[in-house]
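Asks: See work-v3.pdb below, with PDB, C-alpha atoms, pLDDT in the B column.
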ATOM      1  CA  MET A 116      99.478  37.850 102.305  1.00 57.00           C
ATOM      2  CA  ASP A 117     100.242  41.377 103.457  1.00 66.00           C
ATOM      3  CA  LEU A 118      99.707  44.520 101.373  1.00 61.00           C
ATOM      4  CA  GLU A 119     103.360  44.800 100.404  1.00 66.00           C
ATOM      5  CA  GLY A 120     103.372  41.201  99.158  1.00 73.00           C
ATOM      6  CA  LEU A 121     100.219  41.869  97.147  1.00 71.00           C
ATOM      7  CA  ILE A 122     101.757  44.941  95.519  1.00 71.00           C
ATOM      8  CA  TYR A 123     104.911  43.057  94.548  1.00 75.00           C
ATOM      9  CA  SER A 124     102.897  40.170  93.123  1.00 81.00           C
ATOM     10  CA  VAL A 125     101.020  42.621  90.883  1.00 78.00           C
ATOM     11  CA  LEU A 126     104.284  44.274  89.806  1.00 79.00           C
ATOM     12  CA  ASN A 127     105.550  40.871  88.665  1.00 83.00           C
ATOM     13  CA  ARG A 128     102.513  40.311  86.429  1.00 87.00           C
ATOM     14  CA  PRO A 129     102.710  42.863  83.599  1.00 88.00           C
ATOM     15  CA  THR A 130      99.312  42.020  82.070  1.00 91.00           C
ATOM     16  CA  LEU A 131      97.516  42.370  85.392  1.00 91.00           C
ATOM     17  CA  LEU A 132      99.368  45.613  86.122  1.00 91.00           C
ATOM     18  CA  PHE A 133      98.432  46.954  82.672  1.00 94.00           C
ATOM     19  CA  ILE A 134      94.727  46.246  83.284  1.00 93.00           C
ATOM     20  CA  LEU A 135      94.776  47.603  86.853  1.00 92.00           C
ATOM     21  CA  ILE A 136      96.364  50.891  85.764  1.00 94.00           C
ATOM     22  CA  ILE A 137      93.704  51.377  83.078  1.00 95.00           C
ATOM     23  CA  LEU A 138      90.877  50.616  85.533  1.00 94.00           C
ATOM     24  CA  ALA A 139      92.404  52.829  88.225  1.00 94.00           C
ATOM     25  CA  THR A 140      92.393  55.834  85.877  1.00 94.00           C
ATOM     26  CA  PHE A 141      88.613  55.470  85.569  1.00 94.00           C
ATOM     27  CA  ILE A 142      88.254  55.817  89.332  1.00 93.00           C
ATOM     28  CA  LEU A 143      90.967  58.298  90.382  1.00 91.00           C
ATOM     29  CA  GLU A 144      93.097  59.556  87.517  1.00 89.00           C
ATOM     30  CA  ASP A 145      95.404  61.958  89.356  1.00 89.00           C
ATOM     31  CA  PRO A 146      96.478  59.595  92.160  1.00 92.00           C
ATOM     32  CA  THR A 147      96.967  56.818  89.592  1.00 93.00           C
ATOM     33  CA  THR A 148      99.204  59.114  87.564  1.00 93.00           C
ATOM     34  CA  LEU A 149     101.265  59.928  90.662  1.00 94.00           C
ATOM     35  CA  ILE A 150     101.583  56.277  91.681  1.00 92.00           C
ATOM     36  CA  VAL A 151     102.615  55.186  88.180  1.00 94.00           C
ATOM     37  CA  GLY A 152     105.120  58.063  88.061  1.00 94.00           C
ATOM     38  CA  HIS A 153     106.573  56.901  91.375  1.00 93.00           C
ATOM     39  CA  LEU A 154     106.826  53.305  90.159  1.00 91.00           C
ATOM     40  CA  ILE A 155     108.650  54.487  87.040  1.00 94.00           C
ATOM     41  CA  ALA A 156     110.948  56.848  88.966  1.00 95.00           C
ATOM     42  CA  THR A 157     111.944  54.120  91.408  1.00 92.00           C
ATOM     43  CA  GLU A 158     112.487  51.729  88.480  1.00 92.00           C
ATOM     44  CA  GLN A 159     109.924  49.224  89.731  1.00 90.00           C
ATOM     45  CA  ILE A 160     108.330  49.260  86.284  1.00 91.00           C
ATOM     46  CA  ALA A 161     109.643  50.357  82.897  1.00 93.00           C
ATOM     47  CA  PHE A 162     108.599  53.716  81.465  1.00 96.00           C
ATOM     48  CA  TRP A 163     106.445  52.261  78.680  1.00 95.00           C
ATOM     49  CA  GLU A 164     104.884  49.674  81.007  1.00 94.00           C
ATOM     50  CA  GLY A 165     103.471  52.550  83.052  1.00 94.00           C
ATOM     51  CA  ILE A 166     102.809  55.300  80.540  1.00 96.00           C
ATOM     52  CA  THR A 167     101.018  53.172  77.947  1.00 96.00           C
ATOM     53  CA  PRO A 168      98.175  51.863  80.152  1.00 96.00           C
ATOM     54  CA  LEU A 169      97.949  55.226  81.897  1.00 95.00           C
ATOM     55  CA  PHE A 170      97.475  57.008  78.570  1.00 95.00           C
ATOM     56  CA  ILE A 171      94.979  54.402  77.326  1.00 96.00           C
ATOM     57  CA  GLY A 172      92.959  54.657  80.538  1.00 96.00           C
ATOM     58  CA  ILE A 173      92.869  58.446  80.428  1.00 93.00           C
ATOM     59  CA  VAL A 174      91.730  58.586  76.799  1.00 94.00           C
ATOM     60  CA  LEU A 175      89.128  55.825  77.282  1.00 96.00           C
ATOM     61  CA  GLY A 176      87.755  57.567  80.371  1.00 93.00           C
ATOM     62  CA  ASP A 177      87.410  60.839  78.487  1.00 92.00           C
ATOM     63  CA  LEU A 178      85.695  59.077  75.589  1.00 94.00           C
ATOM     64  CA  GLY A 179      83.324  57.561  78.130  1.00 93.00           C
ATOM     65  CA  LEU A 180      82.359  61.057  79.289  1.00 90.00           C
ATOM     66  CA  PHE A 181      81.854  62.141  75.673  1.00 92.00           C
ATOM     67  CA  PHE A 182      79.561  59.176  74.911  1.00 92.00           C
ATOM     68  CA  LEU A 183      77.732  59.619  78.193  1.00 89.00           C
ATOM     69  CA  GLY A 184      76.793  63.100  77.021  1.00 87.00           C
ATOM     70  CA  GLN A 185      75.768  61.801  73.596  1.00 87.00           C
ATOM     71  CA  PHE A 186      73.477  59.087  74.884  1.00 87.00           C
ATOM     72  CA  LEU A 187      72.168  60.429  78.187  1.00 82.00           C
ATOM     73  CA  GLY A 188      72.663  64.170  77.924  1.00 75.00           C
ATOM     74  CA  GLU A 189      69.351  65.007  76.332  1.00 72.00           C
ATOM     75  CA  LYS A 190      67.324  63.096  78.915  1.00 71.00           C
ATOM     76  CA  PHE A 191      69.204  64.677  81.799  1.00 67.00           C
ATOM     77  CA  LEU A 192      69.285  68.238  80.466  1.00 62.00           C
ATOM     78  CA  ALA A 193      65.673  68.187  79.260  1.00 61.00           C
ATOM     79  CA  LYS A 194      64.536  67.405  82.808  1.00 60.00           C
ATOM     80  CA  LYS A 195      66.525  70.363  84.108  1.00 56.00           C
ATOM     81  CA  GLY A 196      65.203  72.725  81.426  1.00 52.00           C
ATOM     82  CA  ILE A 197      68.734  73.657  80.364  1.00 52.00           C
ATOM     83  CA  ARG A 198      69.353  75.119  76.907  1.00 55.00           C
ATOM     84  CA  LEU A 199      72.890  75.069  75.585  1.00 57.00           C
ATOM     85  CA  ARG A 200      74.935  76.592  72.821  1.00 60.00           C
ATOM     86  CA  GLU A 201      77.465  74.762  70.739  1.00 59.00           C
ATOM     87  CA  ILE A 202      81.134  74.415  71.555  1.00 62.00           C
ATOM     88  CA  ARG A 203      82.855  76.268  68.746  1.00 64.00           C
ATOM     89  CA  SER A 204      86.485  76.099  69.650  1.00 70.00           C
ATOM     90  CA  LEU A 205      88.943  73.229  69.777  1.00 73.00           C
ATOM     91  CA  SER A 206      90.884  75.192  72.376  1.00 78.00           C
ATOM     92  CA  THR A 207      87.889  74.997  74.733  1.00 78.00           C
ATOM     93  CA  LEU A 208      88.171  71.198  74.781  1.00 81.00           C
ATOM     94  CA  PHE A 209      91.963  71.385  74.998  1.00 81.00           C
ATOM     95  CA  TRP A 210      91.901  73.635  78.067  1.00 82.00           C
ATOM     96  CA  ALA A 211      89.076  71.612  79.614  1.00 82.00           C
ATOM     97  CA  ARG A 212      91.478  68.647  79.659  1.00 81.00           C
ATOM     98  CA  ILE A 213      94.198  70.625  81.422  1.00 82.00           C
ATOM     99  CA  ILE A 214      92.185  72.652  83.963  1.00 84.00           C
ATOM    100  CA  PRO A 215      91.157  70.415  86.892  1.00 81.00           C
ATOM    101  CA  GLY A 216      87.432  69.746  87.155  1.00 80.00           C
ATOM    102  CA  MET A 217      86.502  71.036  83.708  1.00 82.00           C
ATOM    103  CA  ARG A 218      86.390  67.703  81.861  1.00 82.00           C
ATOM    104  CA  ILE A 219      83.445  66.430  83.868  1.00 81.00           C
ATOM    105  CA  THR A 220      81.437  69.341  82.465  1.00 80.00           C
ATOM    106  CA  PHE A 221      82.798  69.944  78.983  1.00 83.00           C
ATOM    107  CA  TYR A 222      83.339  66.396  77.697  1.00 86.00           C
ATOM    108  CA  PRO A 223      79.757  65.179  78.252  1.00 86.00           C
ATOM    109  CA  LEU A 224      78.608  68.557  76.958  1.00 84.00           C
ATOM    110  CA  ALA A 225      80.635  68.051  73.769  1.00 86.00           C
ATOM    111  CA  GLY A 226      78.959  64.683  73.311  1.00 87.00           C
ATOM    112  CA  TYR A 227      75.514  66.119  73.940  1.00 84.00           C
ATOM    113  CA  LEU A 228      76.069  68.936  71.459  1.00 83.00           C
ATOM    114  CA  LYS A 229      77.169  66.386  68.821  1.00 84.00           C
ATOM    115  CA  TYR A 230      80.701  67.738  68.573  1.00 85.00           C
ATOM    116  CA  PRO A 231      82.468  65.812  65.764  1.00 88.00           C
ATOM    117  CA  PHE A 232      83.885  62.619  67.282  1.00 91.00           C
ATOM    118  CA  TRP A 233      87.174  62.623  65.341  1.00 91.00           C
ATOM    119  CA  GLN A 234      87.916  66.234  66.253  1.00 89.00           C
ATOM    120  CA  PHE A 235      87.154  65.457  69.885  1.00 88.00           C
ATOM    121  CA  LEU A 236      89.398  62.391  69.774  1.00 91.00           C
ATOM    122  CA  ILE A 237      92.314  64.293  68.219  1.00 90.00           C
ATOM    123  CA  VAL A 238      92.073  67.138  70.744  1.00 87.00           C
ATOM    124  CA  ASN A 239      91.698  64.667  73.594  1.00 88.00           C
ATOM    125  CA  VAL A 240      94.739  62.626  72.584  1.00 90.00           C
ATOM    126  CA  ALA A 241      96.843  65.740  71.954  1.00 88.00           C
ATOM    127  CA  SER A 242      95.955  67.308  75.285  1.00 86.00           C
ATOM    128  CA  SER A 243      96.482  63.995  77.111  1.00 84.00           C
ATOM    129  CA  VAL A 244     100.015  63.768  75.749  1.00 83.00           C
ATOM    130  CA  ILE A 245     100.820  67.146  77.255  1.00 78.00           C
TER     131      ILE A 245
END
Spit out the file's structure as structure tokens when you get a sec.

Replies:
Amino acid sequence: MDLEGLIYSVLNRPTLLFILIILATFILEDPTTLIVGHLIATEQIAFWEGITPLFIGIVLGDLGLFFLGQFLGEKFLAKKGIRLREIRSLSTLFWARIIPGMRITFYPLAGYLKYPFWQFLIVNVASSVI
């Protein structure tokens, strides 16, 4: 089976496509977003078939960064001798989602600093929608 045949076989299996989009966002979010956008624009998949797993994958990936900071942050930062202050502003987390490269720093940091989970989740979902 050639690559084109493989792609079309995945497009004809909605459940598999749903799972692959979610997993792909964990690896490379921006290219996955572009590919899903292309598939929607060329009407190879329906809007909700692409946006829903994309959104779920993005939010789950960000929550993974948050929990990584909660559970491993202290061990990592203690070895480095780093002392941190608290994140006081919801807008900091909002802008960290939008500015490329900032999430990898701020989301684990929010988890490490015990930022309230529900506030983090609300800001994360809201900024992901935008």

Asks: With 4 Å of padding per side, what axis-aligned box (centre and edge lengths, Å, one decimal) covers all the listed atoms of region 155-160 of chain A? Give it as JSON.

Replies:
{"center_x": 110.4, "center_y": 53.0, "center_z": 88.8, "size_x": 12.2, "size_y": 15.6, "size_z": 13.1}

Asks: With distances taken over only C-alpha atoms, which of A:Leu205, A:Ile137, A:Leu149, A:Leu143 is nearest to Leu169 (chain A)?

Replies: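 Closest candidate: A:Ile137.
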
Asks: To one decimal place, how far is CA of Glu164 (chain A) from CA of Leu178 (chain A) in Å?

Replies: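 Between CA of Glu164 (chain A) and CA of Leu178 (chain A) the gap works out to 22.0 Å.
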
Asks: Check which residues satisfy the PyMOL selection byres ((chain A and resi 144-147) around 12) in the file shown, then give them as a VMD selection string.

Replies: chain A and resid 132 135 to 143 148 to 154 165 to 166 168 to 177 213 215 to 216 218 243

Asks: Take the point (89.6, 63.3, 70.5) in the file's coordinates, draw a sphere of radius 12 Å around it, and report as a ChimeraX atom specification every protein, DNA or RNA residue with an atom inside or on it, counting all atoms listed in the file.

Replies: /A:173-182,205,208-209,212,222,225-226,230-244

Asks: What does the structure give for the distance between CA of Tyr227 (chain A) and CA of Glu189 (chain A), in Å to one decimal?

Replies: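 Spanning CA of Tyr227 (chain A) to CA of Glu189 (chain A) is a straight-line distance of 6.7 Å.
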
Asks: My list of candidates is A:Ile155, A:Thr207, A:Ala161, A:Gly188. Which is closest to Pro129 (chain A) when distances are computed with only C-alpha atoms?

Replies: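 Among the listed residues, the smallest separation from Pro129 (chain A) belongs to A:Ala161.
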
Asks: Between CA of Gly120 (chain A) and CA of Phe133 (chain A), what is the distance, to one decimal in Å?

Replies: 18.1 Å

Asks: Select all residues near (75.9, 67.3, 79.3) (cut-off 7 Å, inclusive, file coordinates), counting only C-alpha atoms, and output them as a list in words.

Replies: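 Checking each residue against the 7 Å limit leaves Gly184, Gly188, Leu192, Thr220, Pro223, Leu224 and Tyr227 of chain A.
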
Asks: Only C-alpha atoms, please: the residues just picked out, written as a PDB file, in the frame of the given file.

Replies:
ATOM      1  CA  GLY A 184      76.793  63.100  77.021  1.00 87.00           C
ATOM      2  CA  GLY A 188      72.663  64.170  77.924  1.00 75.00           C
ATOM      3  CA  LEU A 192      69.285  68.238  80.466  1.00 62.00           C
ATOM      4  CA  THR A 220      81.437  69.341  82.465  1.00 80.00           C
ATOM      5  CA  PRO A 223      79.757  65.179  78.252  1.00 86.00           C
ATOM      6  CA  LEU A 224      78.608  68.557  76.958  1.00 84.00           C
ATOM      7  CA  TYR A 227      75.514  66.119  73.940  1.00 84.00           C
TER       8      TYR A 227
END

Asks: Between A:Tyr123, A:Leu228, A:Thr157, A:Thr130, single out the one closest to Leu187 (chain A), counting only C-alpha atoms.

Replies: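 Nearest to Leu187 (chain A): A:Leu228.
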